[in-house]
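Participant: Take a look at this one; I'll ask things after.
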Amino acid sequence: MDLGNLSVFILHEDTTISLMFTRKINNNHNFISYRSVINDDIHDTLRTLFSTYITQLIDEDAEITEYNPTGVADGAYETLRVEDIVGYDEYQESIAEADVDADLESEADNLTFYTIVLENQTLNDSYKLIRRVTKFKRLYARGMVALFRGQELNRINSKLIGLDGQIDIIQHENELLLLNHISVERVFFMDDAFSSKATEMLELMKNGGYLTNFDEFEEACLSDKRIQKTITKMGRENIDWENALANFSDVISTIEMFELGIEYSQVPNNTLIFEKKQQVMPILNLVRDSYYKTLINNNLGTDKKIG
């Protein structure tokens, strides 16, 4: 994503700005969006706030990496494709059908995030800037969100309801730029994506037949979101899940060298015996071939990139 283009786009004279507030409905994986009426003064203030923040991002020149479910390095940002997000189509639909007649003041406590929609008919392009409203309820309780009158946002203060120009997610075409790692989970339904991908990878591993008590192993994996994220990350790596443990003599050597405490059997088939949840990560490390010994000093270690 070219932030330089966005910087020019937001200041273009034909670029329009719309403000949408959205409520995330967890029990049916849906969204309800509301369009806020904004006057010219607020329109200009928003343009200035977000333009300033985008300029700061450009000056920062941070590293951009592919989305990693298990975390991101400090100072780096991530990209993610729209098709990898559970709930994105429903979000788009809610924005397109945003209620312009709702009483936003009465909905203040329920709002989850807001979207700045930038559109330019001349350039035939658009962007969405998404920001979570993490402190909305507390601010509203203090009587500070007297901004709403019906559906209209009448004035703006940069210290209120997160309208400070900062951005969690930038969407352009089929790509999202994540400026806040956890935001994609808070805004969309990524737990479903992690569970689905983990289930897919575990099914491949099951087909290999190298693990006894596989159903218990699968349950231990899928009951822990951290492990789901780890398997999701591994699913993007070049791992032959069915045959990852096929070199069984080397698997045994690794188990003994690193004292992993995993029992195994070679009769009638070569299999690892899963017995407790504490064995999940060591087994996944074996699948990923993460254990190593250095060539010069023979130091033992584990590749920590697994998550």
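If you're wondering about the labels, chains in the structure tokens are A, B, ... by order shown, residues count from 1 in each chain, ligands from 1 in order shown.
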From the DSSP assignment of the backbone, select every residue of stretch 160-284 of chain A that is strand (DSSP E or B), and format the answer as number ranges by chain.

Facilitator: A: 169-172, 175-178, 211-212, 263-265, 271-273

Participant: Just want the 12 Å neighbourhood of A:Gln266, counted on only C-alpha atoms, with same-chain residues fewer than 2 positions away dropped. Output as number ranges by chain.

Facilitator: A: 210-212, 246, 248-249, 251-252, 263-264, 268-273

Participant: Produce a file of the selected residues containing N, CA, C and O atoms, as a PDB file, in the first residue's frame.

Facilitator:
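Full text of selection.pdb as output:
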```pdb
ATOM      1  N   TYR A 210       0.866 -40.282  12.122  1.00  0.00           N
ATOM      2  CA  TYR A 210       2.044 -40.394  12.991  1.00  0.00           C
ATOM      3  C   TYR A 210       1.784 -39.979  14.437  1.00  0.00           C
ATOM      4  O   TYR A 210       2.729 -39.778  15.197  1.00  0.00           O
ATOM      5  N   LEU A 211       0.523 -39.856  14.815  1.00  0.00           N
ATOM      6  CA  LEU A 211       0.221 -39.422  16.175  1.00  0.00           C
ATOM      7  C   LEU A 211      -0.920 -40.256  16.749  1.00  0.00           C
ATOM      8  O   LEU A 211      -2.021 -40.293  16.192  1.00  0.00           O
ATOM      9  N   THR A 212      -0.635 -40.934  17.863  1.00  0.00           N
ATOM     10  CA  THR A 212      -1.658 -41.679  18.588  1.00  0.00           C
ATOM     11  C   THR A 212      -2.449 -40.715  19.471  1.00  0.00           C
ATOM     12  O   THR A 212      -1.917 -39.729  19.961  1.00  0.00           O
ATOM     13  N   ALA A 246       7.753 -38.196   9.044  1.00  0.00           N
ATOM     14  CA  ALA A 246       8.050 -39.457   8.342  1.00  0.00           C
ATOM     15  C   ALA A 246       9.462 -39.967   8.626  1.00  0.00           C
ATOM     16  O   ALA A 246       9.679 -41.189   8.704  1.00  0.00           O
ATOM     17  N   PHE A 248      11.274 -40.950  10.947  1.00  0.00           N
ATOM     18  CA  PHE A 248      10.968 -41.205  12.357  1.00  0.00           C
ATOM     19  C   PHE A 248      12.211 -41.414  13.214  1.00  0.00           C
ATOM     20  O   PHE A 248      12.221 -41.073  14.401  1.00  0.00           O
ATOM     21  N   SER A 249      13.275 -41.961  12.629  1.00  0.00           N
ATOM     22  CA  SER A 249      14.503 -42.141  13.411  1.00  0.00           C
ATOM     23  C   SER A 249      15.061 -40.787  13.834  1.00  0.00           C
ATOM     24  O   SER A 249      15.567 -40.633  14.957  1.00  0.00           O
ATOM     25  N   VAL A 251      13.164 -38.120  14.234  1.00  0.00           N
ATOM     26  CA  VAL A 251      12.203 -37.620  15.222  1.00  0.00           C
ATOM     27  C   VAL A 251      12.569 -38.164  16.601  1.00  0.00           C
ATOM     28  O   VAL A 251      12.614 -37.412  17.591  1.00  0.00           O
ATOM     29  N   ILE A 252      12.884 -39.448  16.675  1.00  0.00           N
ATOM     30  CA  ILE A 252      13.260 -40.059  17.953  1.00  0.00           C
ATOM     31  C   ILE A 252      14.532 -39.432  18.497  1.00  0.00           C
ATOM     32  O   ILE A 252      14.643 -39.110  19.698  1.00  0.00           O
ATOM     33  N   GLU A 263       6.524 -39.931  24.532  1.00  0.00           N
ATOM     34  CA  GLU A 263       6.641 -41.365  24.275  1.00  0.00           C
ATOM     35  C   GLU A 263       6.340 -41.651  22.806  1.00  0.00           C
ATOM     36  O   GLU A 263       5.626 -40.890  22.146  1.00  0.00           O
ATOM     37  N   TYR A 264       6.883 -42.761  22.325  1.00  0.00           N
ATOM     38  CA  TYR A 264       6.659 -43.141  20.930  1.00  0.00           C
ATOM     39  C   TYR A 264       6.598 -44.654  20.810  1.00  0.00           C
ATOM     40  O   TYR A 264       7.002 -45.395  21.711  1.00  0.00           O
ATOM     41  N   PRO A 268       2.687 -51.366  15.805  1.00  0.00           N
ATOM     42  CA  PRO A 268       2.981 -51.815  14.434  1.00  0.00           C
ATOM     43  C   PRO A 268       3.408 -50.679  13.503  1.00  0.00           C
ATOM     44  O   PRO A 268       3.929 -50.932  12.415  1.00  0.00           O
ATOM     45  N   ASN A 269       3.199 -49.414  13.938  1.00  0.00           N
ATOM     46  CA  ASN A 269       3.570 -48.283  13.095  1.00  0.00           C
ATOM     47  C   ASN A 269       4.370 -47.277  13.911  1.00  0.00           C
ATOM     48  O   ASN A 269       4.332 -47.258  15.147  1.00  0.00           O
ATOM     49  N   ASN A 270       5.079 -46.430  13.190  1.00  0.00           N
ATOM     50  CA  ASN A 270       5.825 -45.357  13.837  1.00  0.00           C
ATOM     51  C   ASN A 270       4.859 -44.245  14.255  1.00  0.00           C
ATOM     52  O   ASN A 270       4.269 -43.582  13.401  1.00  0.00           O
ATOM     53  N   THR A 271       4.692 -44.071  15.564  1.00  0.00           N
ATOM     54  CA  THR A 271       3.775 -43.035  16.029  1.00  0.00           C
ATOM     55  C   THR A 271       4.296 -42.400  17.314  1.00  0.00           C
ATOM     56  O   THR A 271       4.932 -43.057  18.143  1.00  0.00           O
ATOM     57  N   LEU A 272       3.987 -41.109  17.477  1.00  0.00           N
ATOM     58  CA  LEU A 272       4.173 -40.434  18.751  1.00  0.00           C
ATOM     59  C   LEU A 272       2.907 -40.646  19.571  1.00  0.00           C
ATOM     60  O   LEU A 272       1.810 -40.740  19.022  1.00  0.00           O
ATOM     61  N   ILE A 273       3.044 -40.708  20.885  1.00  0.00           N
ATOM     62  CA  ILE A 273       1.901 -40.956  21.759  1.00  0.00           C
ATOM     63  C   ILE A 273       1.577 -39.669  22.511  1.00  0.00           C
ATOM     64  O   ILE A 273       2.332 -39.244  23.396  1.00  0.00           O
TER      65      ILE A 273
END
```

Participant: Smallest atom-to-atom distance to A:Val86: which of A:Glu173, A:Asp240, A:Asp192, A:Asp59, using only C-alpha atoms?

Facilitator: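 Among the listed residues, A:Asp192 lies closest to A:Val86.
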
Participant: Kindly indicate which residue among A:Gln171, A:Asn243, A:Ser195, A:Asn68 lies nearest to A:Ser223, using only C-alpha atoms for the distances.

Facilitator: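 Looking at the shortest contact to A:Ser223, the residue is A:Ser195.
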
Participant: Find the residues near stretch 71-83 of chain A: any atom within 7 Å, counting only C-alpha atoms, skip ones fewer than 5 places away on the same chain, and give them as a VMD selection string.

Facilitator: chain A and resid 62 to 66 88 174 to 179 181

Participant: Mind giving me the straight-line distance from atom CA of A:Ser290 to atom CA of A:Ile255 in Å, one decimal?

Facilitator: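 Computing the Euclidean distance for atom CA of A:Ser290 and atom CA of A:Ile255 yields 12.0 Å.
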
Participant: Of the candidates A:Glu203, A:Asn26, A:Cys221, A:Val117, which one gets nearest to A:Ile170 if we count only C-alpha atoms?

Facilitator: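 So, comparing all the options, the nearest one is A:Val117.
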
Participant: For A:Thr48, find every residue with an atom within 9 Å (counting only C-alpha atoms), except residues of its own chain fewer than 4 positions away, and show them as a PDB file with N, CA and C atoms, in the first residue's frame.

Facilitator:
```
ATOM      1  N   LEU A  11      -6.107  14.890   0.402  1.00  0.00           N
ATOM      2  CA  LEU A  11      -6.117  16.342   0.249  1.00  0.00           C
ATOM      3  C   LEU A  11      -6.655  16.788  -1.108  1.00  0.00           C
ATOM      4  N   HIS A  43     -15.770  18.287   8.671  1.00  0.00           N
ATOM      5  CA  HIS A  43     -15.187  17.686   7.468  1.00  0.00           C
ATOM      6  C   HIS A  43     -13.737  18.145   7.307  1.00  0.00           C
ATOM      7  N   ASP A  44     -13.499  19.426   7.428  1.00  0.00           N
ATOM      8  CA  ASP A  44     -12.145  19.970   7.264  1.00  0.00           C
ATOM      9  C   ASP A  44     -11.233  19.544   8.408  1.00  0.00           C
ATOM     10  N   THR A  52      -2.448  14.668   8.700  1.00  0.00           N
ATOM     11  CA  THR A  52      -1.276  14.827   9.561  1.00  0.00           C
ATOM     12  C   THR A  52      -0.753  13.475  10.020  1.00  0.00           C
ATOM     13  N   TYR A  53      -1.670  12.589  10.391  1.00  0.00           N
ATOM     14  CA  TYR A  53      -1.256  11.273  10.874  1.00  0.00           C
ATOM     15  C   TYR A  53      -0.618  10.448   9.757  1.00  0.00           C
ATOM     16  N   GLY A 165      -7.410  11.468  14.829  1.00  0.00           N
ATOM     17  CA  GLY A 165      -6.616  11.362  13.615  1.00  0.00           C
ATOM     18  C   GLY A 165      -5.818  10.082  13.525  1.00  0.00           C
TER      19      GLY A 165
END
```

Participant: By how many Å are atom CA of A:Gln166 and atom CA of A:Ile17 apart?

Facilitator: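 Interatomic distance here is 15.6 Å.
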
Participant: Report, in Å to a single decimal, how far apart atom CA of A:Leu245 and atom CA of A:Lys277 are.

Facilitator: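 Value for the atom CA of A:Lys277-atom CA of A:Leu245 distance: 19.0 Å.
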
Participant: Quick one: everything within 10 Å of A:Ile58, counting only C-alpha atoms, minus sequence neighbours fewer than 5 positions away in the same chain. Send it as an MDAnalysis selection string.

Facilitator: chainID A and resid 2:4 7 53

Participant: Could you write out the selected residues, including N, CA, C and O atoms, as an mmCIF file, in the first residue's frame?

Facilitator:
```
data_model
loop_
_atom_site.group_PDB
_atom_site.id
_atom_site.type_symbol
_atom_site.label_atom_id
_atom_site.label_comp_id
_atom_site.auth_asym_id
_atom_site.auth_seq_id
_atom_site.Cartn_x
_atom_site.Cartn_y
_atom_site.Cartn_z
ATOM 1 N N ASP A 2 0.625 2.143 -0.915
ATOM 2 C CA ASP A 2 1.428 3.360 -1.061
ATOM 3 C C ASP A 2 0.795 4.479 -0.237
ATOM 4 O O ASP A 2 -0.210 5.069 -0.630
ATOM 5 N N LEU A 3 1.401 4.789 0.902
ATOM 6 C CA LEU A 3 0.857 5.837 1.765
ATOM 7 C C LEU A 3 1.033 7.216 1.144
ATOM 8 O O LEU A 3 0.288 8.146 1.461
ATOM 9 N N GLY A 4 2.004 7.348 0.255
ATOM 10 C CA GLY A 4 2.177 8.615 -0.456
ATOM 11 C C GLY A 4 0.964 8.931 -1.302
ATOM 12 O O GLY A 4 0.500 10.084 -1.348
ATOM 13 N N SER A 7 -1.791 10.069 0.974
ATOM 14 C CA SER A 7 -1.571 11.439 1.439
ATOM 15 C C SER A 7 -2.064 12.458 0.425
ATOM 16 O O SER A 7 -2.709 13.456 0.778
ATOM 17 N N TYR A 53 -1.670 12.589 10.391
ATOM 18 C CA TYR A 53 -1.256 11.273 10.874
ATOM 19 C C TYR A 53 -0.618 10.448 9.757
ATOM 20 O O TYR A 53 0.390 9.759 9.974
#
```

Participant: Could you check which of A:Arg35, A:Lys276, A:Arg288, A:Lys229 is closest to A:Ala244, using only C-alpha atoms?

Facilitator: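 Comparing A:Arg35, A:Lys276, A:Arg288, A:Lys229 against A:Ala244, the winner is A:Arg288.
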
Participant: With DSSP run on the backbone, what are the alpha helix (DSSP H) residues within stretch 65-239 of chain A? I'd like them as an MDAnalysis selection string.

Facilitator: chainID A and resid 88:96 104:107 136:141 183:187 190:208 214:222 225:234

Participant: What's around A:Pro282 at 12 Å? Count only C-alpha atoms, leave out sequence neighbours fewer than 3 positions away in its own chain, and write the answer as a PyMOL selection string.

Facilitator: chain A and resi 217+227+251+254-255+258-262+272+274+276-279+285-291+302-304+306

Participant: With distances taken over only C-alpha atoms, which of A:Phe31, A:Asn120, A:Phe21, A:Asp215 is nearest to A:Tyr91?

Facilitator: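 The answer is A:Phe31, which sits nearest to A:Tyr91.
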
Participant: Nearest to A:Arg236 among A:Glu200, A:Thr115, A:His172, A:Leu49, with distances taken over only C-alpha atoms: which residue is it?

Facilitator: A:Glu200
